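Structure data (mmCIF, C-alpha atoms) from upload10.cif:
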data_run
loop_
_atom_site.group_PDB
_atom_site.id
_atom_site.type_symbol
_atom_site.label_atom_id
_atom_site.label_comp_id
_atom_site.auth_asym_id
_atom_site.auth_seq_id
_atom_site.Cartn_x
_atom_site.Cartn_y
_atom_site.Cartn_z
ATOM 1 C CA MET C 1 136.094 83.725 144.686
ATOM 2 C CA PHE C 2 136.088 81.240 141.819
ATOM 3 C CA ILE C 3 138.015 77.993 141.346
ATOM 4 C CA HIS C 4 138.865 76.092 138.202
ATOM 5 C CA ILE C 5 137.160 72.659 138.066
ATOM 6 C CA GLY C 6 138.661 71.506 134.784
ATOM 7 C CA PHE C 7 138.438 72.162 131.044
ATOM 8 C CA GLY C 8 137.877 75.909 131.343
ATOM 9 C CA ASN C 9 135.028 75.604 133.849
ATOM 10 C CA ILE C 10 134.848 77.506 137.131
ATOM 11 C CA VAL C 11 132.511 77.592 140.134
ATOM 12 C CA ASN C 12 131.855 80.169 142.822
ATOM 13 C CA THR C 13 133.418 78.864 146.046
ATOM 14 C CA ASP C 14 130.944 80.869 148.141
ATOM 15 C CA LYS C 15 128.106 78.709 146.769
ATOM 16 C CA VAL C 16 129.732 75.266 147.209
ATOM 17 C CA ILE C 17 128.215 73.117 149.955
ATOM 18 C CA SER C 18 130.208 69.926 149.419
ATOM 19 C CA ILE C 19 132.397 68.010 146.989
ATOM 20 C CA VAL C 20 131.784 64.263 146.915
ATOM 21 C CA SER C 21 132.856 61.210 144.975
ATOM 22 C CA PRO C 22 130.210 59.879 142.554
ATOM 23 C CA ASP C 23 130.920 56.223 143.386
ATOM 24 C CA ALA C 24 128.532 55.737 146.332
ATOM 25 C CA ALA C 25 125.003 54.549 145.567
ATOM 26 C CA PRO C 26 123.282 57.474 147.370
ATOM 27 C CA VAL C 27 125.298 59.971 145.311
ATOM 28 C CA LYS C 28 124.423 58.114 142.094
ATOM 29 C CA ARG C 29 120.729 58.320 143.027
ATOM 30 C CA MET C 30 121.106 62.021 143.856
ATOM 31 C CA VAL C 31 122.712 62.692 140.451
ATOM 32 C CA GLN C 32 120.049 60.668 138.611
ATOM 33 C CA ARG C 33 117.233 62.536 140.356
ATOM 34 C CA ALA C 34 118.918 65.868 139.635
ATOM 35 C CA ARG C 35 119.291 64.910 135.943
ATOM 36 C CA GLU C 36 115.569 64.164 135.765
ATOM 37 C CA GLU C 37 114.811 67.533 137.363
ATOM 38 C CA MET C 38 117.287 69.385 135.084
ATOM 39 C CA ARG C 39 119.476 70.459 138.028
ATOM 40 C CA VAL C 40 122.806 69.120 136.704
ATOM 41 C CA VAL C 41 125.631 71.014 135.049
ATOM 42 C CA ASP C 42 128.004 68.544 133.400
ATOM 43 C CA ALA C 43 131.430 70.185 133.366
ATOM 44 C CA SER C 44 133.305 66.933 132.736
ATOM 45 C CA ALA C 45 133.814 67.579 129.008
ATOM 46 C CA GLY C 46 132.732 64.051 128.123
ATOM 47 C CA ARG C 47 135.162 62.395 130.499
ATOM 48 C CA LYS C 48 134.387 60.180 133.472
ATOM 49 C CA THR C 49 132.830 62.061 136.374
ATOM 50 C CA LYS C 50 135.153 61.923 139.371
ATOM 51 C CA ALA C 51 133.558 64.613 141.544
ATOM 52 C CA VAL C 52 130.060 65.883 142.238
ATOM 53 C CA ILE C 53 129.906 69.442 143.534
ATOM 54 C CA VAL C 54 126.754 70.216 145.493
ATOM 55 C CA MET C 55 125.841 73.880 145.175
ATOM 56 C CA GLU C 56 123.837 76.130 147.479
ATOM 57 C CA ASN C 57 120.943 76.477 145.004
ATOM 58 C CA ASN C 58 120.403 72.668 144.909
ATOM 59 C CA MET C 59 122.276 72.309 141.606
ATOM 60 C CA LEU C 60 124.913 69.625 141.035
ATOM 61 C CA VAL C 61 128.070 70.239 139.033
ATOM 62 C CA LEU C 62 129.869 67.186 137.632
ATOM 63 C CA SER C 63 133.632 67.423 137.200
ATOM 64 C CA ALA C 64 136.315 65.148 135.777
ATOM 65 C CA LEU C 65 138.768 66.255 138.476
ATOM 66 C CA LEU C 66 139.144 64.331 141.722
ATOM 67 C CA PRO C 67 137.397 65.771 144.794
ATOM 68 C CA GLU C 68 140.800 66.071 146.510
ATOM 69 C CA THR C 69 142.123 68.213 143.658
ATOM 70 C CA ILE C 70 139.149 70.558 143.755
ATOM 71 C CA SER C 71 139.190 70.891 147.534
ATOM 72 C CA SER C 72 142.923 71.596 147.563
ATOM 73 C CA ARG C 73 142.355 74.366 145.013
ATOM 74 C CA MET C 74 139.688 75.824 147.282
ATOM 75 C CA VAL C 75 142.073 75.808 150.259
ATOM 76 C CA THR C 76 144.945 77.244 148.202
ATOM 77 C CA ASP C 77 142.778 80.001 146.698
ATOM 78 C CA THR C 78 141.302 80.880 150.107
ATOM 79 C CA ASP C 79 144.780 81.150 151.633
ATOM 80 C CA GLN C 80 145.941 83.477 148.855
ATOM 81 C CA GLY C 81 142.779 85.617 148.822
#
Show the structure stored in the file as structure tokens.
Amino acid sequence: MFIHIGFGNIVNTDKVISIVSPDAAPVKRMVQRAREEMRVVDASAGRKTKAVIVMENNMLVLSALLPETISSRMVTDTDQG
């Protein structure tokens, strides 16, 4: 199952490990390290990153939607599917 994470971008819900806010220092360090290792997909369309989606394959997906919005879409889509 796929969910919309903003601006025409989607992710596979089966591969999502967690959805976190980018404000905490450990998450900022995780994103910086992933950028250096080319493991980041920036799906924020140039807007401020409000959610970091940690994927099963150690990739990070940056989204401009709030973590609460993304997680509620996951719950809603799972209930319907």
Figure out the distance between CA of Arg29 (chain C) and CA of Val11 (chain C), please, to one decimal in Å.
22.8 Å
State, in Å with one decimal place, the distance from CA of Ala45 (chain C) to CA of Ile5 (chain C).
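Separating CA of Ala45 (chain C) from CA of Ile5 (chain C) is a distance of 10.9 Å.
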When you count all atoms listed in the file, which of these residues is closest to Val52 (chain C): C:Lys15, C:Arg33, C:Lys28, C:Arg73?
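Residue with the minimum atom-to-atom distance to Val52 (chain C): C:Lys28.
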Please evaluate the PyMOL selection byres ((chain C and resi 9) around 10) against the displayed coordinates and give the resulting residues as a PyMOL selection string.
chain C and resi 2-8+10-11+42-45+63
Grab the residues selected above and save them as a PDB file, keeping the file's coordinate frame with C-alpha atoms.
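Just written: again01.pdb:
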ATOM      1  CA  PHE C   2     136.088  81.240 141.819  1.00  0.00           C
ATOM      2  CA  ILE C   3     138.015  77.993 141.346  1.00  0.00           C
ATOM      3  CA  HIS C   4     138.865  76.092 138.202  1.00  0.00           C
ATOM      4  CA  ILE C   5     137.160  72.659 138.066  1.00  0.00           C
ATOM      5  CA  GLY C   6     138.661  71.506 134.784  1.00  0.00           C
ATOM      6  CA  PHE C   7     138.438  72.162 131.044  1.00  0.00           C
ATOM      7  CA  GLY C   8     137.877  75.909 131.343  1.00  0.00           C
ATOM      8  CA  ILE C  10     134.848  77.506 137.131  1.00  0.00           C
ATOM      9  CA  VAL C  11     132.511  77.592 140.134  1.00  0.00           C
ATOM     10  CA  ASP C  42     128.004  68.544 133.400  1.00  0.00           C
ATOM     11  CA  ALA C  43     131.430  70.185 133.366  1.00  0.00           C
ATOM     12  CA  SER C  44     133.305  66.933 132.736  1.00  0.00           C
ATOM     13  CA  ALA C  45     133.814  67.579 129.008  1.00  0.00           C
ATOM     14  CA  SER C  63     133.632  67.423 137.200  1.00  0.00           C
TER      15      SER C  63
END
Since I can't run it myself right now, could you work out what the PyMOL selection byres ((chain C and resi 13) around 12) selects here and report it as a list in words?
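Here the PyMOL selection byres ((chain C and resi 13) around 12) matches Met1, Phe2, Ile3, His4, Ile5, Ile10, Val11, Asn12, Asp14, Lys15, Val16, Ile17, Ser18, Ile19, Ile53, Val54, Met55, Glu56, Ile70, Ser71, Arg73, Met74, Val75, Thr76, Asp77, Thr78 and Gly81 of chain C.
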Interatomic distance (Å, one decimal) between CA of Val27 (chain C) and CA of Lys48 (chain C)
14.9 Å
Considering all atoms listed in the file, return as a PyMOL selection string whatever protein or nucleic-acid residues lie within 12 Å of Gln32 (chain C), sequence-local ones (same chain, fewer than 6 positions apart) excluded.
chain C and resi 22+25-26+38-40+52+60+62
Hits of the PyMOL selection byres ((chain C and resi 66) around 6) in this structure, as a PyMOL selection string:
chain C and resi 50-51+65+67-69
Prev. selection, C-alpha atoms, output as an mmCIF file, in the frame of the given file:
data_model
loop_
_atom_site.group_PDB
_atom_site.id
_atom_site.type_symbol
_atom_site.label_atom_id
_atom_site.label_comp_id
_atom_site.auth_asym_id
_atom_site.auth_seq_id
_atom_site.Cartn_x
_atom_site.Cartn_y
_atom_site.Cartn_z
ATOM 1 C CA LYS C 50 135.153 61.923 139.371
ATOM 2 C CA ALA C 51 133.558 64.613 141.544
ATOM 3 C CA LEU C 65 138.768 66.255 138.476
ATOM 4 C CA PRO C 67 137.397 65.771 144.794
ATOM 5 C CA GLU C 68 140.800 66.071 146.510
ATOM 6 C CA THR C 69 142.123 68.213 143.658
#
Box centre and edge lengths (Å, one decimal), axis-aligned, region 52-56 of chain C plus 6 Å each side, as lines of an AutoDock Vina configuration file:
center_x = 126.9
center_y = 71.0
center_z = 144.9
size_x = 18.2
size_y = 22.2
size_z = 17.2
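Closest approach to Val61 (chain C) among C:Val20, C:Val41, C:Arg35, C:Asp79: C:Val41, based on all atoms listed in the file.
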